[in-house]
Structures are given as C-alpha cells and as structure tokens.
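**Student:** Please read through the structure below; I'll follow up with questions.
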Amino acid sequence: MIVIGTGVGGTAAGALLAREGWRVLFLEKNPRPGGACSFYVKEGVHVDLGAHFFSSGNCGPIGEVQRRLGSRQLVRFVDSEPLLRLQGPGVDLSVSLRLRSLLGLFPDLLRQTGIPAREIPGLLGRMLLPVALPDRGIETLDSRSVEDYFLAGTDRARFLLVISIFMGLYFVIPYMQASLGEATWCTKKALQAREPGYPLGGAVAVPLAFLEAARALGARVRLNARAARIRVEGGRVAGVEDAEGRFFSGRVVVSNTSLRDTVRLAGEEQFPPAYRQQVEESRGSLSAVQAKILLDRPLVREGILVGIRDRRASPGGALTAADVRLGWEDIEAGRVPRVFSFYCPVPTNFDPGLAPRGMQLLTVTSCLPGCDRVSVDGPQVWIDAMLETLFEIRPDLREHVVWIDRFDNRFLESWLGKQGGPVISTCQDTRQVGRQRQPQETPLTGLFVVGDSAGGRGIGTELACRSGMEGADLVMRALRCGGL
C-alpha cells in the first residue's frame, strides 16, 4: 500500500499498517519528511516550518500511536514555565501548568476583561459546564458556534476578544464559525492530559518517530517523489504515478493531502456526483504568514507569547462586541484587522539545543485568507503588521534581532501541496465536525484520506494524528473483511 505524504496523519497511518504486516511505501514530494512539522536549518538553527505546540503531549493521540507501535522510547515533550502569556489592551494573562495557577486563570480572565460581578457566576458556569459533559454530551454542542454561546452570557468586548483569539489558535477560523462542541472536546482532553509541550528535536520529532517505527517494520520512504496521479483501474485504485513518470503499484492508497486535491489526483469522474459536490463544498481554514526571528539573547520567558494590538483610529477607546466580529470579517476579506493579534511559540524555551548557545528563536504567525482568494492587503503587508505588533508589545526585542525570515501563504501552499494553503484542510466549523465530518474512507475502492481533512477531533497535529489512527483502523478492517 502507498501513503502519499509524510505529515503526522500519513506517518501515523502508514506505521500502524506496517505494524499489521502490510508492505508500506511513503511518497513525499519534498526533500525532507514531516509535512507541516518539517524544518530547515539556518546558521546552526533548527527552524520549524510551522508554529507548533502540542496540547496533550504523549497523553493524547501521539502517545497512543507510539504505544500501539510498541515504541521503546516515546518522543519526549518538554514544558515551559510560564507556559503562555497573552498581552493586549487592558489584558496581561499568564498561564502556568501548576494547578493553583490553572484554578486562578478563569477568575483572573474575568477580572481583567471587565466582567461585572452579576455576570461572573453565569460565565464561570458557561466555561466550566461543557467541559464537565461526557463525550456523548459534547456532541450535542457541535452545531453551535462559540460566539453564540458566549454572547448569551456577556457582551464585554475584551472577554470576547480573548475567547475569539484562543479559538483562532485552536482552529484558525473566526470564532463566529468555530464549533462549540469541538472547542469543548479539545479543551477537555487537554485539561485531562495536563501534558502540553513541545518535542525535543523540534516538531519533526513526531513524524520522524512514526517513520522510524515504520522503517523498522519494513516500510520504505521515497523523498522528492511528488504524486501526480492516483491510477484507477476497474473502479478501484491500482497505484500512484509520480511527477517523474514512475508508477508504484498498490491496491490501497492513503492520501495525506486535502480531500479536494485527493479527488483531483484520482480524477473527478471516478467519484459519485454527490461526493464530488460534498468535497467541493467543504471549507478549509484560513492560511497563515510567518516570521522566524533569531535573537542574540533570551528575552522572552514564556513558552508561547500571544499579542494583541489596537490599530484603530482611536486606540484605547471603547471596544465593542461588534468590533471583535468586524476584526474577523476584515481578516476574511483580506484586510489587516484594526485589532491585530499574533501567536508566537518560542521553541528554544522548550529545547535550547535548537539554536546556538545563548540565542533565542521566535516563530511568529498570524492568519489571513488563502492565496487562492483575492485580498485587499497582500501577505507582505500582513507580515509587516505582525512584526509591528510584536515590536510594539515587546520593544526590547528589536535591537537584539540577528535575522528574520519571512514566509507568506504561498509558501505554505507550496510546501504542503494543498490548494490555497489552509492551515487545516477541512476546517472545524459547525458544519464539519463530529458526525458531520467527512470520513477517511472514500467511495473509490482502496482510497482513504487521513490528516486534517477527514475524520478525527483535536487541535492541529493532534487532529491529524487521530485521523491517521482512525484511517489505519478502517483500512485494516476493510482488508480483513475482504472489502479490498
């Protein structure tokens, strides 16, 4: 069987299938494996291509895959104290893994965002009650948006802004669209695990661990092998042709790219019209721009820095709930929003070995529309606004910059190979989660899709990993039942 792509979902699925004795070939179009978790090296610095963090470490699907593979040594996830700091107009929140700090986080959030005393009991209940629901109860929240849920409890703009930014970090979509059920499920699992962190060796350590296990079980990996076509014969997959014209035979193909790109590779005519329409109507998340910044000394204490800048004509004036919504509408229209935010993991605060001694690496990112959409402001304008926001919040960083690498959304599209460059191929809005999410098994016999485009629940890489596990189980079930 053939796995297209070596991202977390593809490597998890391929390794688990190899564990069951199947011959697996990975085809990776890039010179390095890892997909969104891959990296590059510059002047002795290991730089993630993405801006990663892992909410559950080895207590989530990543650890489950390794245990199913019988891995003797799990990927080591490292935490940082404090874990996260959010700075913005009237808000300065610090998040620690210590239990006392976690218990004080919600009251601190309510106080800093100006929630009046009469609203506090109701809002605390709104934040805590869904997390206390059993998983089956959470499913009933899937079709409700995060915005609707919290607007029913308050119209305080700073509170809604903070909630909306965290939903952006989770799912890279506006909080008006984010599923309350999905947000609740992800938060609950992270709180149960209490093992957020970053892997030693960079984000690529996760797919590399899966690949190493797969290779030990006989799997093969071909780099610089771009899939150009999924060949179909007699109504079922027969293998994959790469861009060099080489053909690799296999009765099962597991695609780790988007649904839309997978259908294109196999040929739209191979699928029922209803399925083609569903895929065409499926919606990806926003894309992202990034800046990788090397500092000549450690200046940021937190593992993750989140910043908000009020760029309105009269900053400091009353912010309204409508302003929060308008900010997301601006982003979707391709306008740099008047209230701008960024997300910045600091990998060297988790693993100092990623950069030369005494230096600090920042991976700053912000969301914007995909490069297949017309935008009012171009990606370079967006990167400028992101850096201005960073240096306004932390002016002490500017004079210690060694270099800055800038990446626009076209780079994301090129590296991931997904049309438009969405961060999440099938976004987790109220119409595309839980039972409404596309399954990993397609109508074309022998073709499966894993990663962030089908199945699963979770945040980012953990969504992809869970999808990979579920997809591998579907393939094995079909093989054992003679369906393939």
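Each chain in the structure tokens gets a letter, A, B, ..., in the order shown, and its residues are numbered from 1; ligands are numbered from 1 in order too.
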Running DSSP on the backbone, which parts of range 120-340 of chain A land in alpha helix (DSSP H), as a VMD selection string?

**Tutor:** chain A and resid 120 to 132 135 to 138 146 to 151 157 to 171 180 to 193 205 to 216 259 to 266 273 to 281 321 to 333

**Student:** Emit the selected residues as a short mmCIF file (atom, residue, chain, number, x, y, z; two decimals), in the first residue's frame, including C-alpha atoms.

**Tutor:**
data_model
loop_
_atom_site.label_atom_id
_atom_site.label_comp_id
_atom_site.auth_asym_id
_atom_site.auth_seq_id
_atom_site.Cartn_x
_atom_site.Cartn_y
_atom_site.Cartn_z
CA ILE A 120 -19.43 36.21 36.76
CA PRO A 121 -21.39 33.18 38.10
CA GLY A 122 -23.10 32.66 34.77
CA LEU A 123 -19.91 33.00 32.73
CA LEU A 124 -17.96 30.67 35.03
CA GLY A 125 -20.73 28.16 34.51
CA ARG A 126 -20.58 28.64 30.75
CA MET A 127 -16.84 28.00 30.75
CA LEU A 128 -16.88 25.00 33.08
CA LEU A 129 -20.15 23.18 32.40
CA PRO A 130 -19.44 21.99 28.82
CA VAL A 131 -16.06 20.60 29.87
CA ALA A 132 -17.80 18.53 32.55
CA ASP A 135 -18.06 12.94 25.30
CA ARG A 136 -21.51 11.96 24.01
CA GLY A 137 -22.97 15.08 25.60
CA ILE A 138 -20.36 17.23 23.93
CA VAL A 146 -18.54 29.60 20.21
CA GLU A 147 -19.65 33.20 19.59
CA ASP A 148 -23.35 32.46 20.06
CA TYR A 149 -22.67 30.55 23.26
CA PHE A 150 -20.65 33.29 24.98
CA LEU A 151 -22.68 36.21 23.64
CA ALA A 157 -15.67 43.01 24.22
CA ARG A 158 -12.32 42.25 25.89
CA PHE A 159 -13.60 38.90 27.14
CA LEU A 160 -15.00 38.02 23.72
CA LEU A 161 -11.73 39.14 22.10
CA VAL A 162 -9.68 36.79 24.28
CA ILE A 163 -12.06 33.89 23.63
CA SER A 164 -12.00 34.59 19.90
CA ILE A 165 -8.19 34.65 19.80
CA PHE A 166 -7.93 31.31 21.57
CA MET A 167 -10.41 29.84 19.11
CA GLY A 168 -8.22 31.24 16.33
CA LEU A 169 -5.23 29.47 17.89
CA TYR A 170 -7.20 26.22 18.13
CA PHE A 171 -8.80 26.14 14.69
CA LEU A 180 -18.54 24.84 20.49
CA GLY A 181 -18.53 21.03 20.64
CA GLU A 182 -15.11 20.79 19.02
CA ALA A 183 -13.71 23.56 21.24
CA THR A 184 -15.11 21.87 24.34
CA TRP A 185 -13.76 18.45 23.33
CA CYS A 186 -10.27 19.83 22.68
CA THR A 187 -10.18 21.81 25.93
CA LYS A 188 -11.43 18.85 27.96
CA LYS A 189 -8.83 16.47 26.54
CA ALA A 190 -6.01 18.97 27.13
CA LEU A 191 -7.11 19.51 30.75
CA GLN A 192 -7.36 15.77 31.32
CA ALA A 193 -3.91 15.17 29.85
CA ALA A 205 10.43 14.54 16.00
CA VAL A 206 6.84 13.28 15.93
CA PRO A 207 6.53 12.17 12.26
CA LEU A 208 10.18 11.00 12.37
CA ALA A 209 9.35 8.72 15.30
CA PHE A 210 6.45 7.23 13.34
CA LEU A 211 8.64 6.84 10.23
CA GLU A 212 11.43 5.19 12.22
CA ALA A 213 8.98 2.64 13.59
CA ALA A 214 7.55 2.05 10.11
CA ARG A 215 11.02 1.54 8.59
CA ALA A 216 11.88 -0.96 11.30
CA LEU A 259 -9.96 15.99 0.05
CA ARG A 260 -10.14 18.32 -2.93
CA ASP A 261 -6.56 17.58 -4.00
CA THR A 262 -7.08 13.84 -3.48
CA VAL A 263 -10.14 13.84 -5.75
CA ARG A 264 -8.17 15.77 -8.36
CA LEU A 265 -5.31 13.24 -8.22
CA ALA A 266 -7.67 10.31 -8.75
CA PRO A 273 -21.63 13.32 -8.13
CA ALA A 274 -22.94 13.68 -4.57
CA TYR A 275 -19.49 13.01 -3.11
CA ARG A 276 -17.82 15.41 -5.54
CA GLN A 277 -20.27 18.10 -4.51
CA GLN A 278 -19.61 17.48 -0.81
CA VAL A 279 -15.87 17.76 -1.37
CA GLU A 280 -16.24 20.89 -3.48
CA GLU A 281 -18.38 22.50 -0.78
CA ALA A 321 -18.50 43.04 20.63
CA ALA A 322 -19.21 44.30 17.12
CA ASP A 323 -15.54 45.35 16.81
CA VAL A 324 -14.46 41.80 17.65
CA ARG A 325 -16.69 40.37 14.93
CA LEU A 326 -15.61 43.07 12.49
CA GLY A 327 -11.97 42.13 13.05
CA TRP A 328 -12.63 38.59 11.87
CA GLU A 329 -14.72 39.84 8.96
CA ASP A 330 -11.78 42.06 7.97
CA ILE A 331 -9.45 39.06 8.04
CA GLU A 332 -11.76 37.01 5.84
CA ALA A 333 -11.93 39.92 3.39
#

**Student:** Within 9 Å of range 27-50 of chain A, which residues of range 276-390 of chain A show up? Give each one with its shortest atom-to-atom distance in Å (one decimal) and the two atoms involved, counting only C-alpha atoms, rows by chain then rising residue number, as JSON lines.

**Tutor:**
{"residue": "A:Gln290", "atom": "CA", "partner": "A:Gly50", "partner_atom": "CA", "distance": 8.1}
{"residue": "A:Lys292", "atom": "CA", "partner": "A:Val47", "partner_atom": "CA", "distance": 7.6}
{"residue": "A:Leu294", "atom": "CA", "partner": "A:Val45", "partner_atom": "CA", "distance": 8.5}
{"residue": "A:Pro347", "atom": "CA", "partner": "A:Asp48", "partner_atom": "CA", "distance": 8.5}
{"residue": "A:Gly353", "atom": "CA", "partner": "A:His46", "partner_atom": "CA", "distance": 8.6}
{"residue": "A:Leu354", "atom": "CA", "partner": "A:His46", "partner_atom": "CA", "distance": 5.0}
{"residue": "A:Ala355", "atom": "CA", "partner": "A:Val45", "partner_atom": "CA", "distance": 4.4}
{"residue": "A:Pro356", "atom": "CA", "partner": "A:Gly44", "partner_atom": "CA", "distance": 6.5}
{"residue": "A:Leu361", "atom": "CA", "partner": "A:Val47", "partner_atom": "CA", "distance": 8.0}
{"residue": "A:Thr363", "atom": "CA", "partner": "A:Gly50", "partner_atom": "CA", "distance": 7.9}
{"residue": "A:Thr365", "atom": "CA", "partner": "A:Gly50", "partner_atom": "CA", "distance": 8.6}

**Student:** Can those selected residues be exported to a file as a PDB file, in the first residue's frame so that it contains C-alpha atoms?

**Tutor:**
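Done, and the output landed in selection05.pdb:
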ATOM      1  CA  GLN A 290       5.067  33.644   9.472  1.00  0.00           C
ATOM      2  CA  LYS A 292      11.148  33.266  12.080  1.00  0.00           C
ATOM      3  CA  LEU A 294      16.612  34.750  15.853  1.00  0.00           C
ATOM      4  CA  PRO A 347      10.908  26.664  20.563  1.00  0.00           C
ATOM      5  CA  GLY A 353      19.565  22.832  21.602  1.00  0.00           C
ATOM      6  CA  LEU A 354      17.627  24.084  18.566  1.00  0.00           C
ATOM      7  CA  ALA A 355      19.828  27.195  18.361  1.00  0.00           C
ATOM      8  CA  PRO A 356      23.438  28.084  19.246  1.00  0.00           C
ATOM      9  CA  LEU A 361      14.257  31.537  18.330  1.00  0.00           C
ATOM     10  CA  THR A 363       8.235  31.589  15.425  1.00  0.00           C
ATOM     11  CA  THR A 365       2.474  33.687  12.917  1.00  0.00           C
TER      12      THR A 365
END

**Student:** Which residue out of A:Phe106, A:Phe448, A:Tyr175, A:Phe340 has the minimum interatomic distance to Ala478 in chain A when only C-alpha atoms are used?

**Tutor:**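 The answer is A:Phe448, which sits nearest to Ala478 in chain A.
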
**Student:** Give me, as a list of chain:residue names, all polymer residues having an atom no more than 7 Å from range 79-89 of chain A, counting only C-alpha atoms and skipping those fewer than 4 positions away in the same chain.

**Tutor:**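 Here the answer would be A:Leu93, A:Ser94, A:Val95, A:Ser96, A:Leu97, A:Pro196, A:Gly197, A:Tyr198, A:Glu302, A:Gly303, A:Ile304, A:Leu305, A:Val306, A:Gly307, A:Ile308, A:Arg309, A:Asp310, A:Asn349, A:Phe350.
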
**Student:** Taking 2 positions as the minimum chain separation for residues in the same chain, which residues sit within 9 Å of Ile404 in chain A when counting only C-alpha atoms? Answer as a ChimeraX atom specification.

**Tutor:** /A:291-294,401-402,406

**Student:** Limited to C-alpha atoms, could you put the picked residues into a file as a CSV table (one decimal), in the first residue's frame?

**Tutor:**
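Dumped everything to again10.csv:
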chain,number,residue,atom,x,y,z
A,291,ALA,CA,8.3,35.3,10.6
A,292,LYS,CA,11.1,33.3,12.1
A,293,ILE,CA,13.2,35.5,14.3
A,294,LEU,CA,16.6,34.8,15.9
A,401,VAL,CA,17.4,40.6,16.2
A,402,VAL,CA,20.1,38.6,14.3
A,406,ARG,CA,9.5,35.9,6.3

**Student:** Work out how far apart CA of Arg311 in chain A and CA of Val91 in chain A are and give it in Å to one decimal.

**Tutor:** 15.7 Å

**Student:** Any idea what's packed within 7 Å of range 382-385 of chain A, counting only C-alpha atoms, ignoring anything in its chain fewer than 4 positions away? Could you give it as a list in words?

**Tutor:**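 Those residues are Val289, Gln290, Val336, Gly378 and Thr389 of chain A.
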
**Student:** May I have all residues of range 39-228 of chain A that DSSP, computed from the backbone, assigns to strand (DSSP E or B), given as a ChimeraX atom specification?

**Tutor:** /A:39-42,45-48,54,77-78,84-88,91-95,145,178-179,197-199,220-222,227-228

**Student:** Find, counting only C-alpha atoms, the residue in A:Ala288, A:Ala13, A:Ala464, A:Leu25 that gets nearest to Val172 in chain A.

**Tutor:**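 Between A:Ala288, A:Ala13, A:Ala464, A:Leu25, the residue approaching Val172 in chain A most closely is A:Ala288.
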
**Student:** Show which residues sit within 10 Å of Gly284 in chain A, as a short mmCIF file (atom, residue, chain, number, x, y, z; two decimals) with C-alpha atoms, in the first residue's frame. Count only C-alpha atoms, and ignore same-chain residues fewer than 5 positions away.

**Tutor:**
data_model
loop_
_atom_site.label_atom_id
_atom_site.label_comp_id
_atom_site.auth_asym_id
_atom_site.auth_seq_id
_atom_site.Cartn_x
_atom_site.Cartn_y
_atom_site.Cartn_z
CA VAL A 172 -7.54 29.10 12.56
CA ILE A 173 -11.09 30.25 11.80
CA SER A 258 -6.72 17.58 1.25
CA GLY A 370 -5.67 31.55 1.48
CA LYS A 418 -2.80 21.93 -0.58
CA GLN A 419 -4.63 24.36 -2.82
CA GLY A 420 -4.82 27.80 -1.19
CA GLY A 421 -2.56 26.85 1.71
CA PRO A 422 -5.14 26.33 4.50
CA VAL A 423 -3.64 25.56 7.90
CA ILE A 424 -6.43 22.98 8.43
CA SER A 425 -7.60 21.36 5.20
CA THR A 426 -11.19 20.79 6.35
CA CYS A 427 -11.88 23.39 9.00
CA GLN A 428 -13.64 22.64 12.26
CA ASP A 429 -16.68 24.84 11.87
CA GLN A 432 -17.68 19.98 9.61
CA ASP A 452 -6.58 17.25 8.93
CA SER A 453 -9.05 16.82 6.07
#

**Student:** Smallest atom-to-atom distance to Ile393 in chain A: which of A:Ser341, A:Arg466, A:Leu474, A:Arg194, using only C-alpha atoms?

**Tutor:**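 Ranking A:Ser341, A:Arg466, A:Leu474, A:Arg194 by distance to Ile393 in chain A, first place goes to A:Ser341.
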
**Student:** Pick the closest to Pro61 in chain A from A:Leu17, A:Leu390, A:Met469, A:Cys344: which is it, counting only C-alpha atoms?

**Tutor:**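 Answer, going by the shortest atom-to-atom distance: A:Met469.
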
**Student:** Given only C-alpha atoms as the basis, pick out the residue of A:Arg220, A:Arg23, A:Gly267, A:Leu141 nearest to Val237 in chain A.

**Tutor:**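 Closest candidate: A:Gly267.
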
**Student:** Which is closest to Leu368 in chain A among A:Val381, A:Ile2, A:Ala225, A:Val300, if we use only C-alpha atoms?

**Tutor:**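 The closest residue to Leu368 in chain A is A:Val381.
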
**Student:** Can you list, as a PyMOL selection string, every protein, DNA or RNA residue that comes within 12 Å of Gly245 in chain A when you count only C-alpha atoms, leaving out same-chain residues fewer than 6 positions away?

**Tutor:** chain A and resi 225-231
